[in-house]
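Asks: Next comes the structure file run-v5.pdb, holding PDB, C-alpha atoms, pLDDT in the B column.
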ATOM      1  CA  MET A   1     -38.840  26.917 -62.493  1.00 90.00           C
ATOM      2  CA  LYS A   2     -42.118  25.844 -60.908  1.00 93.00           C
ATOM      3  CA  ILE A   3     -42.239  25.566 -57.137  1.00 91.00           C
ATOM      4  CA  ALA A   4     -44.686  24.194 -54.569  1.00 91.00           C
ATOM      5  CA  LEU A   5     -44.365  25.631 -51.075  1.00 90.00           C
ATOM      6  CA  ILE A   6     -44.777  23.710 -47.802  1.00 90.00           C
ATOM      7  CA  CYS A   7     -44.166  25.839 -44.706  1.00 89.00           C
ATOM      8  CA  ASP A   8     -44.885  25.200 -41.036  1.00 88.00           C
ATOM      9  CA  SER A   9     -44.190  28.830 -40.111  1.00 85.00           C
ATOM     10  CA  LEU A  10     -46.794  31.439 -41.062  1.00 88.00           C
ATOM     11  CA  LEU A  11     -44.191  34.206 -41.233  1.00 87.00           C
ATOM     12  CA  LEU A  12     -41.857  32.171 -43.444  1.00 87.00           C
ATOM     13  CA  ASP A  13     -44.802  31.053 -45.564  1.00 88.00           C
ATOM     14  CA  ARG A  14     -45.935  34.643 -46.244  1.00 91.00           C
ATOM     15  CA  SER A  15     -42.462  35.971 -46.984  1.00 88.00           C
ATOM     16  CA  SER A  16     -41.692  33.002 -49.260  1.00 89.00           C
ATOM     17  CA  GLU A  17     -44.959  33.542 -51.103  1.00 90.00           C
ATOM     18  CA  MET A  18     -44.023  37.197 -51.661  1.00 91.00           C
ATOM     19  CA  TYR A  19     -40.504  36.317 -52.831  1.00 91.00           C
ATOM     20  CA  LEU A  20     -41.589  33.458 -55.081  1.00 91.00           C
ATOM     21  CA  LYS A  21     -45.025  34.552 -56.310  1.00 92.00           C
ATOM     22  CA  GLU A  22     -44.119  34.224 -60.026  1.00 93.00           C
ATOM     23  CA  TYR A  23     -42.760  30.701 -59.481  1.00 93.00           C
ATOM     24  CA  LEU A  24     -45.479  29.184 -57.285  1.00 92.00           C
ATOM     25  CA  THR A  25     -47.725  26.433 -58.575  1.00 90.00           C
ATOM     26  CA  SER A  26     -49.524  23.345 -57.313  1.00 91.00           C
ATOM     27  CA  TYR A  27     -47.675  20.258 -56.127  1.00 91.00           C
ATOM     28  CA  LYS A  28     -48.826  18.325 -59.204  1.00 92.00           C
ATOM     29  CA  LEU A  29     -47.321  20.861 -61.606  1.00 92.00           C
ATOM     30  CA  CYS A  30     -44.155  21.793 -59.700  1.00 91.00           C
ATOM     31  CA  ASP A  31     -40.572  20.920 -60.615  1.00 91.00           C
ATOM     32  CA  PHE A  32     -39.618  20.742 -56.941  1.00 92.00           C
ATOM     33  CA  VAL A  33     -40.871  21.540 -53.446  1.00 93.00           C
ATOM     34  CA  VAL A  34     -39.594  24.253 -51.114  1.00 92.00           C
ATOM     35  CA  ALA A  35     -40.197  23.168 -47.517  1.00 91.00           C
ATOM     36  CA  THR A  36     -39.312  24.284 -44.003  1.00 89.00           C
ATOM     37  CA  GLN A  37     -39.402  20.758 -42.579  1.00 88.00           C
ATOM     38  CA  LEU A  38     -38.427  17.319 -43.809  1.00 87.00           C
ATOM     39  CA  VAL A  39     -41.221  15.995 -46.024  1.00 87.00           C
ATOM     40  CA  GLU A  40     -41.663  12.809 -47.982  1.00 88.00           C
ATOM     41  CA  SER A  41     -42.119  13.681 -51.612  1.00 88.00           C
ATOM     42  CA  GLN A  42     -41.713  12.078 -54.998  1.00 90.00           C
ATOM     43  CA  LYS A  43     -40.363  15.412 -56.184  1.00 92.00           C
ATOM     44  CA  PRO A  44     -37.018  16.956 -55.194  1.00 93.00           C
ATOM     45  CA  VAL A  45     -37.182  18.970 -51.953  1.00 92.00           C
ATOM     46  CA  PHE A  46     -35.322  22.227 -51.264  1.00 93.00           C
ATOM     47  CA  LEU A  47     -35.125  22.663 -47.496  1.00 92.00           C
ATOM     48  CA  ILE A  48     -35.044  26.004 -45.672  1.00 92.00           C
ATOM     49  CA  GLY A  49     -34.216  26.099 -41.979  1.00 88.00           C
ATOM     50  CA  ASP A  50     -31.683  25.972 -39.179  1.00 88.00           C
ATOM     51  CA  PHE A  51     -31.003  22.238 -39.441  1.00 85.00           C
ATOM     52  CA  GLU A  52     -28.091  20.350 -40.958  1.00 86.00           C
ATOM     53  CA  GLU A  53     -29.892  19.034 -44.072  1.00 85.00           C
ATOM     54  CA  ALA A  54     -31.116  22.521 -45.058  1.00 90.00           C
ATOM     55  CA  ASN A  55     -30.213  23.822 -48.507  1.00 92.00           C
ATOM     56  CA  LEU A  56     -30.638  27.385 -47.219  1.00 91.00           C
ATOM     57  CA  LYS A  57     -30.146  28.634 -43.653  1.00 92.00           C
ATOM     58  CA  ILE A  58     -32.343  31.270 -42.013  1.00 88.00           C
ATOM     59  CA  PRO A  59     -32.093  34.307 -42.250  1.00 87.00           C
ATOM     60  CA  PHE A  60     -31.806  34.958 -45.978  1.00 88.00           C
ATOM     61  CA  THR A  61     -32.569  37.664 -48.514  1.00 90.00           C
ATOM     62  CA  ARG A  62     -34.765  37.417 -51.577  1.00 91.00           C
ATOM     63  CA  GLU A  63     -31.680  37.506 -53.816  1.00 93.00           C
ATOM     64  CA  ILE A  64     -29.935  34.702 -51.946  1.00 93.00           C
ATOM     65  CA  LEU A  65     -33.128  32.619 -51.967  1.00 93.00           C
ATOM     66  CA  LEU A  66     -33.512  33.021 -55.737  1.00 93.00           C
ATOM     67  CA  GLN A  67     -29.828  32.261 -56.370  1.00 94.00           C
ATOM     68  CA  GLU A  68     -29.973  29.089 -54.290  1.00 94.00           C
ATOM     69  CA  LEU A  69     -33.238  27.980 -55.898  1.00 93.00           C
ATOM     70  CA  GLU A  70     -31.854  28.537 -59.401  1.00 93.00           C
ATOM     71  CA  ALA A  71     -28.726  26.546 -58.518  1.00 94.00           C
ATOM     72  CA  PHE A  72     -30.915  23.755 -57.076  1.00 93.00           C
ATOM     73  CA  ASP A  73     -33.082  23.809 -60.217  1.00 93.00           C
ATOM     74  CA  ARG A  74     -29.986  23.529 -62.461  1.00 92.00           C
ATOM     75  CA  LYS A  75     -28.715  20.677 -60.317  1.00 91.00           C
ATOM     76  CA  ILE A  76     -31.938  18.634 -60.539  1.00 88.00           C
ATOM     77  CA  ARG A  77     -32.318  19.362 -64.247  1.00 88.00           C
ATOM     78  CA  GLY A  78     -28.725  18.204 -64.759  1.00 86.00           C
ATOM     79  CA  ARG A  79     -29.496  14.995 -62.863  1.00 79.00           C
ATOM     80  CA  ALA A  80     -32.632  14.442 -64.928  1.00 73.00           C
ATOM     81  CA  MET A  81     -30.663  15.009 -68.115  1.00 77.00           C
ATOM     82  CA  GLN A  82     -27.944  12.604 -66.940  1.00 76.00           C
ATOM     83  CA  GLU A  83     -30.552   9.952 -66.090  1.00 74.00           C
ATOM     84  CA  SER A  84     -32.132  10.426 -69.501  1.00 74.00           C
ATOM     85  CA  GLN A  85     -28.759  10.035 -71.207  1.00 76.00           C
ATOM     86  CA  ASN A  86     -28.019   6.938 -69.122  1.00 73.00           C
ATOM     87  CA  GLU A  87     -31.386   5.448 -70.116  1.00 73.00           C
ATOM     88  CA  GLU A  88     -30.704   6.212 -73.789  1.00 71.00           C
ATOM     89  CA  SER A  89     -27.270   4.610 -73.465  1.00 69.00           C
ATOM     90  CA  ARG A  90     -28.754   1.480 -71.843  1.00 69.00           C
ATOM     91  CA  SER A  91     -31.369   1.264 -74.604  1.00 66.00           C
ATOM     92  CA  TYR A  92     -28.663   1.644 -77.235  1.00 64.00           C
ATOM     93  CA  GLN A  93     -26.560  -1.064 -75.579  1.00 65.00           C
ATOM     94  CA  ASP A  94     -29.587  -3.361 -75.407  1.00 62.00           C
ATOM     95  CA  LEU A  95     -30.211  -2.840 -79.128  1.00 65.00           C
ATOM     96  CA  GLN A  96     -26.554  -3.485 -79.849  1.00 63.00           C
ATOM     97  CA  GLY A  97     -26.759  -6.698 -77.819  1.00 62.00           C
ATOM     98  CA  GLU A  98     -29.836  -7.817 -79.773  1.00 63.00           C
ATOM     99  CA  ASP A  99     -28.089  -7.037 -83.052  1.00 63.00           C
ATOM    100  CA  PHE A 100     -25.033  -8.957 -81.848  1.00 60.00           C
ATOM    101  CA  ILE A 101     -27.137 -12.007 -81.018  1.00 59.00           C
ATOM    102  CA  LYS A 102     -28.975 -11.873 -84.348  1.00 60.00           C
ATOM    103  CA  SER A 103     -25.818 -11.428 -86.373  1.00 57.00           C
ATOM    104  CA  SER A 104     -23.782 -13.869 -84.323  1.00 55.00           C
ATOM    105  CA  SER A 105     -26.257 -16.692 -83.919  1.00 53.00           C
ATOM    106  CA  SER A 106     -25.656 -17.851 -87.438  1.00 53.00           C
ATOM    107  CA  GLY A 107     -21.962 -17.019 -87.202  1.00 52.00           C
ATOM    108  CA  PHE A 108     -21.413 -19.245 -84.166  1.00 51.00           C
ATOM    109  CA  GLY A 109     -21.709 -22.268 -86.400  1.00 51.00           C
ATOM    110  CA  ASP A 110     -18.165 -21.454 -87.536  1.00 51.00           C
ATOM    111  CA  PHE A 111     -16.907 -22.258 -84.038  1.00 51.00           C
ATOM    112  CA  ASN A 112     -18.022 -25.833 -84.502  1.00 49.00           C
ATOM    113  CA  ARG A 113     -15.960 -26.143 -87.662  1.00 53.00           C
ATOM    114  CA  LEU A 114     -12.306 -25.320 -87.339  1.00 50.00           C
ATOM    115  CA  ASP A 115     -11.636 -25.865 -91.023  1.00 54.00           C
ATOM    116  CA  ASN A 116     -11.148 -22.115 -91.526  1.00 56.00           C
ATOM    117  CA  LEU A 117      -8.559 -22.034 -88.757  1.00 52.00           C
ATOM    118  CA  LYS A 118      -6.791 -25.104 -90.078  1.00 54.00           C
ATOM    119  CA  GLN A 119      -6.066 -23.267 -93.306  1.00 53.00           C
ATOM    120  CA  GLU A 120      -4.687 -20.229 -91.489  1.00 54.00           C
ATOM    121  CA  ILE A 121      -2.837 -21.967 -88.641  1.00 58.00           C
ATOM    122  CA  PRO A 122      -0.561 -24.900 -89.394  1.00 61.00           C
ATOM    123  CA  PRO A 123      -0.785 -27.927 -87.082  1.00 62.00           C
ATOM    124  CA  LEU A 124       1.048 -27.361 -83.815  1.00 63.00           C
ATOM    125  CA  PHE A 125       2.568 -30.808 -83.671  1.00 66.00           C
ATOM    126  CA  GLU A 126       3.559 -33.476 -86.142  1.00 74.00           C
ATOM    127  CA  ASP A 127       1.406 -35.976 -84.233  1.00 75.00           C
ATOM    128  CA  SER A 128      -2.027 -36.012 -85.887  1.00 76.00           C
ATOM    129  CA  ASP A 129      -3.661 -37.683 -82.838  1.00 80.00           C
ATOM    130  CA  LEU A 130      -2.514 -34.831 -80.628  1.00 80.00           C
ATOM    131  CA  ASN A 131      -3.749 -32.249 -83.142  1.00 75.00           C
ATOM    132  CA  THR A 132      -7.145 -34.007 -83.260  1.00 78.00           C
ATOM    133  CA  LYS A 133      -7.398 -33.894 -79.456  1.00 81.00           C
ATOM    134  CA  ILE A 134      -6.478 -30.198 -79.453  1.00 80.00           C
ATOM    135  CA  GLU A 135      -9.186 -29.501 -82.049  1.00 79.00           C
ATOM    136  CA  GLU A 136     -11.770 -31.298 -79.879  1.00 82.00           C
ATOM    137  CA  VAL A 137     -10.802 -29.173 -76.872  1.00 82.00           C
ATOM    138  CA  LEU A 138     -11.037 -26.009 -78.982  1.00 82.00           C
ATOM    139  CA  ARG A 139     -14.499 -27.039 -80.246  1.00 84.00           C
ATOM    140  CA  SER A 140     -15.615 -27.668 -76.676  1.00 81.00           C
ATOM    141  CA  PHE A 141     -14.390 -24.248 -75.544  1.00 79.00           C
ATOM    142  CA  ALA A 142     -15.997 -22.604 -78.576  1.00 81.00           C
ATOM    143  CA  LYS A 143     -19.363 -24.145 -77.627  1.00 83.00           C
ATOM    144  CA  GLU A 144     -18.969 -22.962 -74.014  1.00 83.00           C
ATOM    145  CA  ILE A 145     -18.136 -19.449 -75.181  1.00 86.00           C
ATOM    146  CA  GLN A 146     -21.130 -19.452 -77.499  1.00 84.00           C
ATOM    147  CA  THR A 147     -23.436 -20.516 -74.665  1.00 81.00           C
ATOM    148  CA  ILE A 148     -22.048 -17.907 -72.265  1.00 83.00           C
ATOM    149  CA  VAL A 149     -22.357 -15.073 -74.795  1.00 82.00           C
ATOM    150  CA  LEU A 150     -25.916 -16.004 -75.749  1.00 83.00           C
ATOM    151  CA  GLU A 151     -26.993 -16.316 -72.090  1.00 80.00           C
ATOM    152  CA  HIS A 152     -25.342 -12.996 -71.274  1.00 80.00           C
ATOM    153  CA  TYR A 153     -27.180 -11.080 -73.979  1.00 77.00           C
ATOM    154  CA  LYS A 154     -30.493 -12.873 -73.452  1.00 77.00           C
ATOM    155  CA  GLY A 155     -30.384 -11.764 -69.800  1.00 68.00           C
ATOM    156  CA  LYS A 156     -29.646  -8.178 -70.814  1.00 66.00           C
ATOM    157  CA  ASN A 157     -32.508  -8.000 -73.297  1.00 59.00           C
ATOM    158  CA  ALA A 158     -35.160  -9.807 -71.257  1.00 49.00           C
TER     159      ALA A 158
END
Go ahead and render the structure in this file as structure tokens.
Replies:
Amino acid sequence: MKIALICDSLLLDRSSEMYLKEYLTSYKLCDFVVATQLVESQKPVFLIGDFEEANLKIPFTREILLQELEAFDRKIRGRAMQESQNEESRSYQDLQGEDFIKSSSSGFGDFNRLDNLKQEIPPLFEDSDLNTKIEEVLRSFAKEIQTIVLEHYKGKNA
């Protein structure tokens, strides 16, 4: 746990430095910031004070401070791990989508030919004109489905 300290109170600054001396580092190297006022930071901020957003209220002991900081550190590390897992999952899904497009692009040609289905499914009606019209509708829908699927995965992998 590496901590940068930002205090507006000299007394709180000195006591925090004493309590946290083995954890203190520069802002660039820290895991998170301990502050006594709201600060804008690209790093997580642990707030100490008598205001509603504070992670720790004043007064506190060294033990309570360390417990709360360790819990905060576990929480932000858990979030970072979750974000990393989510990113890995998105990357995996993107790769799966690319593989699907590659493997399916050639396979979509089968939608245009319903000969395979004709062998498996007998004609619905005795009327050959009606069956021909149904096949045309099915071909049209197959083309629409193909277009939608390809557009969907192209957008995901762009």
Asks: What does the structure give for the distance between CA of Ala4 (chain A) and CA of Lys28 (chain A), in Å to one decimal?
Replies: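 Value for the CA of Ala4 (chain A)-CA of Lys28 (chain A) distance: 8.5 Å.
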Asks: Which value, in Å to one decimal, gives the distance between CA of Leu38 (chain A) and CA of Asp13 (chain A)?
Replies: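 It comes out at 15.2 Å.
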Asks: Between A:Ser140, A:Leu150, A:Ser26, A:Ser15, which has the minimum distance to Pro59 (chain A) (counting all atoms listed in the file)?
Replies: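 Between A:Ser140, A:Leu150, A:Ser26, A:Ser15, the residue approaching Pro59 (chain A) most closely is A:Ser15.
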Asks: For CA of Thr25 (chain A) and CA of Phe51 (chain A), determine how far apart the two atoms are, in Å to one decimal place.
Replies: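 Computing the Euclidean distance for CA of Thr25 (chain A) and CA of Phe51 (chain A) yields 25.8 Å.
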Asks: Taking into account all atoms listed in the file, which residue in the set A:Leu20, A:Leu130, A:Ile6, A:Ala80 is nearest to Glu63 (chain A)?
Replies: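 Distance minimum relative to Glu63 (chain A) lands on A:Leu20.
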Asks: My list of candidates is A:Leu5, A:Val33, A:Ile76, A:Leu138. Which is closest to Tyr19 (chain A) when distances are computed with only C-alpha atoms?
Replies: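 For Tyr19 (chain A), the nearest of the given residues is A:Leu5.
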